[in-house]
Structure formats: structure tokens, C-alpha cells
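Engineer: One structure is given below, represented as C-alpha cells, and several questions about it will come after.
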Amino acid sequence: MSMIAAFYSNKSVLITGATGFLGKVLMEKLFRTSPQLKVIYILVRPKSGQTLQERVFQILNSKLFEKVKEVCPNVHEKIRPISADLNQRDFAISKEDMQELLSCTNIIFHCAATVRFDAHLREAVQLNVTATQQLLLMASQMPKLEAFIHISTAFSNCNLSHIDEVIYPCPVEPRKIIDSMEWLDDSIIDEITPKLIGDRPNTYTYTKALGEVVVQQESRNLNVAIVRPSIVGATWQEPFPGWVDNLNGPSGLIIATGKGFLRSIKATPMAVADVIPVDTVVNLTIAVGWYTAVHRPKSTLIYHSTSGNLNPCNWHKMGLQVLATIEKIPFESAFRRPNADFTTNNFTTQYWNAVSHRAPAIIYDFYLRLTGRKPRMLKLMNRLLRTISMLEYFINHSWEWSTNNTEMLLSELSPEDQRVFNFDVRQLNWLEYIENYVLGVKKYLLKEDLAGIPKAKQHLKRLRNIHYLFNTALFLIIWRLLIARSQMARNIWFFIVSFCYKFISYFRASSTLKV
Ligand SMILES: CCCCCCCCCCCCCCCCCCCCCC(=O)SCCNC(=O)CCNC(=O)[C@H](O)C(C)(C)COP(=O)(O)OP(=O)(O)OC[C@H]1O[C@@H](n2cnc3c(N)ncnc32)[C@H](O)[C@@H]1OP(=O)(O)O
Ligand SMILES: NC(=O)C1=CN([C@@H]2O[C@H](COP(=O)(O)OP(=O)(O)OC[C@H]3O[C@@H](n4cnc5c(N)ncnc54)[C@H](OP(=O)(O)O)[C@@H]3O)[C@@H](O)[C@H]2O)C=CC1
């Protein structure tokens with residue numbers, strides 16, 4: 001019997017960010033391994049015209065929850081959505097709901113965050129710092145609370161190259177930042193943002209670092225732990241391989257590559273691609289919840305959920321395997337044949353952006369205009385290039401994360417728990433994982449049927465023929481223009497023609513002699 005699974009039986013768990021990528025997998029795993037769990041409270045806001053109930057219904061009826069329904073048929077009765085907006089004071093939770101949360105909650109998993117790299121500092125501070133502070137305040141009023149697990153990111157200190165499992169101080173106190181956001185106007189915030197974030201690349205990593213300091217300062221006598229995942233990717237094993245439902249991290253770039261939009265990207269091929277499967281992060285998080293509640297470590301422990309130091313894979317290997325899989329299992333209706341490469345300096349990046357990204361988009365838009373349709377490709381391409389420019393920082397640096405606490409926790413688990421809540425990344429076979437990831441992107445993100453593969457292959461053949469035809473036509477046109485204008489080009493042309501003529505005559509003569 002799994003000790004961790006038994007621990008969660010009869011517990012009331014509170015999850016923020018349960019409608020997000022990580023939160024959904026966390027909820028699924030908790031229900032599947034501890035069907036006796038009492039209740040999971042989730043803080044949800046109405047979104048895109050959907051009520052809370054509709055959002056929960058959609059999650060429970062998704063492919064991800066298929067296995068849960070077999071082991072926990074009354075799962076819908078055990079999820080208790082609480083209307084909440086983490087941007088509002090007291091999260092805009094009703095009095096009755098707040099009362100229930102305060103009196104019943106045993107474990108908190110705080111996953112909610114804005115993960116946008118370009119979020120305005122005010123917005124990022126509100127969600128990643130102030131909301132964390134408010135949740136800690138709530139937690140301090142929960143008599144039955146056993147553990148508070150905060151999800152941060154391994155990149156919160158990405159301004160350092162070696163990162164230990166400790167909380168690093170921030171030059172400006174989080175409380176001062178929170179206060180100043182209340183009275184500074186947007187233009188002043190815009191002005192001071194670069195100074196505040198310093199050598200971090202964006203407001204996301206900066207505010208996640210502030211969030212950690214808040215956890216350290218405001219945890220009072222709570223049992224608190226922080227989990228820091230690196231780049232979270234599709235599931236490795238559970239509930240099935242390759243599940244993913246959003247475009248963050250590598251997933252969007254896999255689509256852009258498979259659809260033939262992305263042809264080159266500035267990357268350091270030998271830099272470590274510190275991707276970590278979402279189910280590995282979730283297994284560690286659940287184990288951390290158990291350990292923190294049962295062993296009550298004296299200080300706040302930080303756990304790195306990273307792959308680089310135990311089982312490294314680099315961007316070159318990852319890129320090649322993505323391309324190899326896409327060749328075997330192509331995506332439908334590709335714009336161009338998938339054939340991406342890495343560039344390593346700004347000049348070649350700009351060159352390929354112009355030649356391989358913008359020029360085909362302009363030509364395609366011209367074709368759309370000619371056929372009476374609205375041009376859209378250049379706009380899409382510019383958005384993709386903007387997205388890539390924001391991700392570039394992470395594919396051109398390498399970090400070393402120490403994983404002592406994570407390894408210590410692994411050694412504390414019983415063999416059964418190590419199996420059920422496996423977060424030993426050394427067992428990960430990268431080639432298999434990436435293949436399943438690409439397949440998962442096709443099935444769960446793009447919702448493409450595998451029966452369409454022969455048609456997709458045919459489409460790629462057509463694109464290859466168009467590519468050859470286009471290149472030949474372009475070559476002939478340029479050559480014709482050159483010959484018309486330049487004596488040197490004419491001379492080269494006559495030289496090539498006479499050389500070919502002599503070559504053919506020689507072979508003809510020698511074959512006649514043999515006969
Ligand atoms: C041999 C060579 C082969 C080469 C082959 C290469 C194969 C592949 C190799 C793999 C290399 C992996 C590198 C990973 C590095 C990850 C580092 C993460 C590290 C940090 C981890 C964390 O701790 S943190 C969680 C991560 N946090 C994000 O990752 C948020 C990013 N994101 C945004 O910050 C906003 O998204 C941003 C961008 C502002 C736009 O903002 P925006 O307002 O302009 O637009 P939206 O967000 O509304 O999105 C507008 C349209 O872009 C679509 N899109 C959104 N994201 C997209 C995305 N990643 N890739 C594509 N497309 C994306 C979206 O679906 C929309 O499409 P549509 O319009 O058609 O609906
Ligand atoms: N994905 C990754 O690569 C990595 C993620 N992390 C961390 O993991 C955690 C989860 O990330 P991930 O699941 O990928 O992110 P998602 O963007 O998928 O999910 C974010 C969650 O936060 C919720 N949320 C955002 N704003 C509010 C609000 N105002 N009120 C209530 N809920 C809100 C979202 O709700 P809604 O559905 O309503 O928008 C959603 O459930 C984050 O803390 C992130 O920093 C760390 C490293 C890497």
C-alpha cells in the first residue's frame with residue numbers, strides 16, 4: 001500500500017490554478033491514487049463565457065480524466081469549485097465559502113500564476129506576489145492545515161548560472177513592491193520595470209522570485225515547501241504518455257515546426273534542454289505535500305524538479321528527434337515542409353527570418369490577395385517571431401540546478417511510493433519521450449486523427465514538388481536576368497554550355513569505340 005496515497009485519504013485539499021496545465025494533472029493524479037480523498041476545493045473564476053460548473057464539467061469530461069472515472073466514479077461530487085478571482089481582495093470569495101475553506105482545508109497546493117513573459121509588472125506582481133501573500137494569510141487562519149506547497153519555477157533565479165535549493169534575497173523587498181504597485185501609475189511602472197527586473201529576462205521570472213521571498217517571510221509557523229519545475233512538458237507516463245493541452249514551453253514551437261512555419265531558431269545546440277514532464281512534477285509535488293505534513297521540516301525546503309543534472313538532453317538532440325518524429329507522423333495541412341535548423345548568431349537569425357519566415361509569408365499573402373481572400377500569414381508569422389524572441393533567452397543559456405532535497409525525498413519513499421509517485425528523471429528515455437510528446441501535440445492539442453497521416457504525407461510531397469518547381473523557376477529567372485545584363489555571366493554561361501557539350505561528346509565517342 002502506498003503511504004502517500006493513504007495519507008491523502010480523507011483529506012480536504014485546496015488547489016489554486018486547478019484549471020491550468022499543471023493543476024489539472026495534479027488533481028487527476030490525486031483522485032486516481034487516493035479515491036478516498038474527501039474533497040478538492042478549487043478556486044476558479046468564470047472565463048470565456050463559461051460558468052464555474054461548466055468549466056469543471058469540461059475538465060471532468062476531458063480525455064485526461066477518463067481513468068479517474070473508473071477508479072473514482074463519484075469524482076464530480078468530490079470537486080468543490082469555489083468562485084474566486086486571485087486579483088481581487090480576499091479573492092472575492094463569499095463568506096460561506098471562506099468559512100468552509102478556513103475550517104476544513106488540510107493541504108494547499110498553490111499553482112495559480114500568470115506565466116506570460118510579457119505581463120505588465122502590476123499584473124504579474126498582483127498574481128505572483130500579492131495573491132501568494134494573501135493565500136498565506138488565509139492559510140495562517142486554517143486550524144487543520146498540515147502543509148502549504150507553493151509552485152514556483154526553476155527560472156526564478158535565472159540570473160544565476162548555478163542555482164541551489166535555497167531562496168535568494170531580492171534587492172527590493174517584496175512588501176515595498178506590493179505597496180508601490182498600489183499608488184504608482186502605469187507609465188512610472190513601465191519606466192522602473194527594467195531597473196527592477198535587472199538581469200532577469202522578464203517580469204514573470206522576477207515576480208516568481210519575489211513570490212518565493214514572500215513565502216519565506218510570511219509563512220509564520222506553517223509547514224511550507226516550494227517546488228521549482230524547469231520547462232514543463234507533456235506527460236511522460238501518466239495517465240497516458242504525451243498528454244498536453246496548452247502552447248506554453250516547447251509545445252507551441254513543436255506545432256510551429258511541424259506545420260512548417262518555424263524554419264530556423266536562434267539556439268545554442270549544446271545547451272541543456274531542461275524539460276521536465278508534467279507528471280514527474282506532479283508526483284514530486286504530491287510527495288512533497290506528504291513529506292512536509294508528516295515530517296514537518298524545521299525550515300522551508302525547496303525542491304528542484306529539473307532534468308539537466310541527472311539526465312541531460314540538449315536542444316540539438318531534442319530538435320533532431322522532433323523533426324524525425326514529424327517526418328514519421330506529419331501534421332496536417334502544413335504551410336511548408338518541416339525542416340528547421342538552429343542559428344547561432346544574430347546576423348544569420350535575421351537573414352533566415354527574412355528569407356525563410358517573412359518572404360514565404362509575403363508570397364502566400366500575395367497569393368491570398370490574388371484569389372480574393374484576406375491576407376493573414378505575415379501577421380501570424382510576426383506573432384510567431386515575437387513569441388520566439390521571448391523564448392530565446394531560455395534556449396541560449398544553460399543552468400545547473402542542485403537537486404539534493406529532491407534526491408533526499410526520493411530516498412525517503414518506500415519502493416511502492418517510488419513506483420506510484422515516480423519522479424526519478426534518470427529513468428526517462430528522451431527519444432521515446434519526445435516522440436510521444438510530438439504525437440501528443442498532434443492528438444490532444446491539434447486534435448488531428450492518426451488516420452489522416454497518409455493524406456498529410458501526400459500534402460508534404462505536393463509541397464516538395466512546389467518547392468522544387470519554385471526554386472528552379474527562381475533560378476532560371478535570376479540567371480536569365482544576369483545573362484541579359486552582365487558580360488561575365490554570359491561568359492560563364494558559354495563556358496558551362498561548351499564544357500557540357502565537350503563532356504557529352506567525349507562520352508559518346510568513348511562508348512562508340514567500346515562497341
Ligand atoms: C535541428 C533543429 C530543429 C529545430 C526544431 C525545434 C523544435 C522545438 C524545440 C523546442 C524549443 C523549446 C523552447 C522552449 C523554451 C521555453 C522556455 C520556458 C521557460 C520558463 C518556464 C516557466 O517557468 S513558465 C511557463 C512557460 N510560459 C510560457 O511558455 C509562456 C510563453 N508565452 C507568453 O508569454 C505569451 O503567449 C507571448 C509569447 C508573450 C505571446 O503573447 P500574445 O499576447 O502575443 O499572444 P497570446 O498569448 O494570446 O498567443 C498568441 C498566439 O501565439 C500562440 N502561442 C502562445 N504561446 C506560444 C508558444 N510558446 N509557441 C508558439 N505559439 C504560441 C497562441 O496560441 C496564439 O495563437 P492564436 O492567435 O492562433 O490563438
Ligand atoms: N508551464 C511551465 O512550463 C511551468 C510552470 N511553472 C509554474 O507552475 C504553475 C502552474 O503553471 P501552468 O499550469 O503551466 O500555468 P497555466 O497558465 O496553465 O495555469 C495558470 C492557472 O492559474 C489560474 N489563474 C490565473 N489567474 C487567475 C486569477 N486571477 N484568479 C484565479 N485563477 C487564476 C488560471 O486560471 P484560468 O484557467 O481561469 O486562467 C490557471 O488555472 C505556475 O505557478 C507556474 O509558474 C513553473 C515552471 C514551468
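Chains: A, B, ... in order of the C-alpha cells. Residues: from 1 per chain. Ligands: from 1, in order shown.
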List all protein, DNA and RNA residues that have any atom at most 7 Å from ligand 2, counting only C-alpha atoms and all ligand atoms, and write the list as a PyMOL selection string.
Structural biologist: chain A and resi 16-23+43-47+84-87+111-115+127+151-154+208+228-233+246+248-249
Engineer: Step by step, measure atom-to-atom distances between ligand 1 and each residue using only C-alpha atoms and all ligand atoms, keep those at most 8 Å, then write them as a ChimeraX atom specification.
Structural biologist: /A:115-119,152-156,204-205,229-232,246-257,262-265,273,315-320,322-323,339-342,380,383-384,386-388,390-395
Engineer: Measuring atom to atom with only C-alpha atoms, identify which of A:Asn345, A:Gln237, A:Gln133, A:Gln418 is nearest to Arg220 in chain A.
Structural biologist: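 Of A:Asn345, A:Gln237, A:Gln133, A:Gln418, the one nearest Arg220 in chain A, counting only C-alpha atoms, is A:Gln133.
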Engineer: As a list in words, please: the residues near Trp399 in chain A (cut-off 12 Å, only C-alpha atoms, same-chain neighbours under 5 positions excluded).
Structural biologist: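 Listing them by chain and then by number gives Ala154, Phe155, Ser156, Asn157, Cys158, Asn159, Leu160, Ser161, His162, Ile163, Asp164, Ser230, Ala271, Val272, Ala273, Asp274, Thr306, Ser307, Gly308, Asn309, Pro312, Asn314, Tyr393 and Phe394 of chain A.
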Engineer: With C-alpha atoms retained, export the selected residues as an mmCIF file, in the first residue's frame.
Structural biologist:
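Saved to out.cif:
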data_model
loop_
_atom_site.group_PDB
_atom_site.id
_atom_site.type_symbol
_atom_site.label_atom_id
_atom_site.label_comp_id
_atom_site.auth_asym_id
_atom_site.auth_seq_id
_atom_site.Cartn_x
_atom_site.Cartn_y
_atom_site.Cartn_z
ATOM 1 C CA ALA A 154 13.436 26.822 -11.557
ATOM 2 C CA PHE A 155 13.970 30.052 -13.550
ATOM 3 C CA SER A 156 13.076 32.392 -10.681
ATOM 4 C CA ASN A 157 16.837 32.903 -10.257
ATOM 5 C CA CYS A 158 17.785 32.529 -13.923
ATOM 6 C CA ASN A 159 20.190 35.468 -13.486
ATOM 7 C CA LEU A 160 22.494 32.943 -11.763
ATOM 8 C CA SER A 161 24.139 30.022 -13.540
ATOM 9 C CA HIS A 162 24.316 27.662 -10.574
ATOM 10 C CA ILE A 163 21.147 27.550 -8.525
ATOM 11 C CA ASP A 164 20.874 25.857 -5.151
ATOM 12 C CA SER A 230 12.016 23.859 -15.085
ATOM 13 C CA ALA A 271 22.888 23.936 -24.169
ATOM 14 C CA VAL A 272 20.885 21.730 -21.834
ATOM 15 C CA ALA A 273 17.200 21.468 -22.717
ATOM 16 C CA ASP A 274 15.891 21.293 -19.182
ATOM 17 C CA THR A 306 14.652 19.560 -13.211
ATOM 18 C CA SER A 307 16.269 17.038 -15.541
ATOM 19 C CA GLY A 308 19.595 18.592 -16.536
ATOM 20 C CA ASN A 309 21.948 17.374 -13.840
ATOM 21 C CA PRO A 312 20.664 15.821 -19.552
ATOM 22 C CA ASN A 314 20.475 19.168 -25.281
ATOM 23 C CA TYR A 393 16.743 33.532 -23.638
ATOM 24 C CA PHE A 394 15.905 30.060 -22.333
#
Engineer: Between A:Arg122, A:Lys29, A:Arg296, A:His304, which has the minimum distance to Leu184 in chain A (counting only C-alpha atoms)?
Structural biologist: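 Looking at the shortest contact to Leu184 in chain A, the residue is A:Arg122.
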Engineer: With distances taken over only C-alpha atoms, which of A:Trp493, A:Tyr351, A:Arg426, A:Pro338 is nearest to Ala456 in chain A?
Structural biologist: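 Counting only C-alpha atoms, the residue closest to Ala456 in chain A is A:Pro338.
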Engineer: Write out as a list in words all residues of range 398-439 of chain A that DSSP puts in helix (DSSP H, G or I) for this structure's backbone.
Structural biologist: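 Output for range 398-439 of chain A, helix (DSSP H, G or I) only: Asn404, Asn405, Thr406, Glu407, Met408, Leu409, Leu410, Ser411, Glu412, Pro415, Glu416, Asp417, Gln418, Arg419, Val420, Val425, Arg426, Gln427, Trp430, Leu431, Glu432, Tyr433, Ile434, Glu435, Asn436, Tyr437, Val438 and Leu439 of chain A.
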Engineer: Check the smallest atom-to-atom distance from each of A:Tyr444, A:Tyr206, A:Phe109, A:Phe148 to Val172 in chain A using only C-alpha atoms, then report the winner.
Structural biologist: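 Ranked by minimum distance to Val172 in chain A, first place goes to A:Tyr206.
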Engineer: Pick out the closest residue to Ser299 in chain A from this set: A:Ala234, A:Val215, A:Gln321, A:Ser398. Count only C-alpha atoms.
Structural biologist: A:Val215
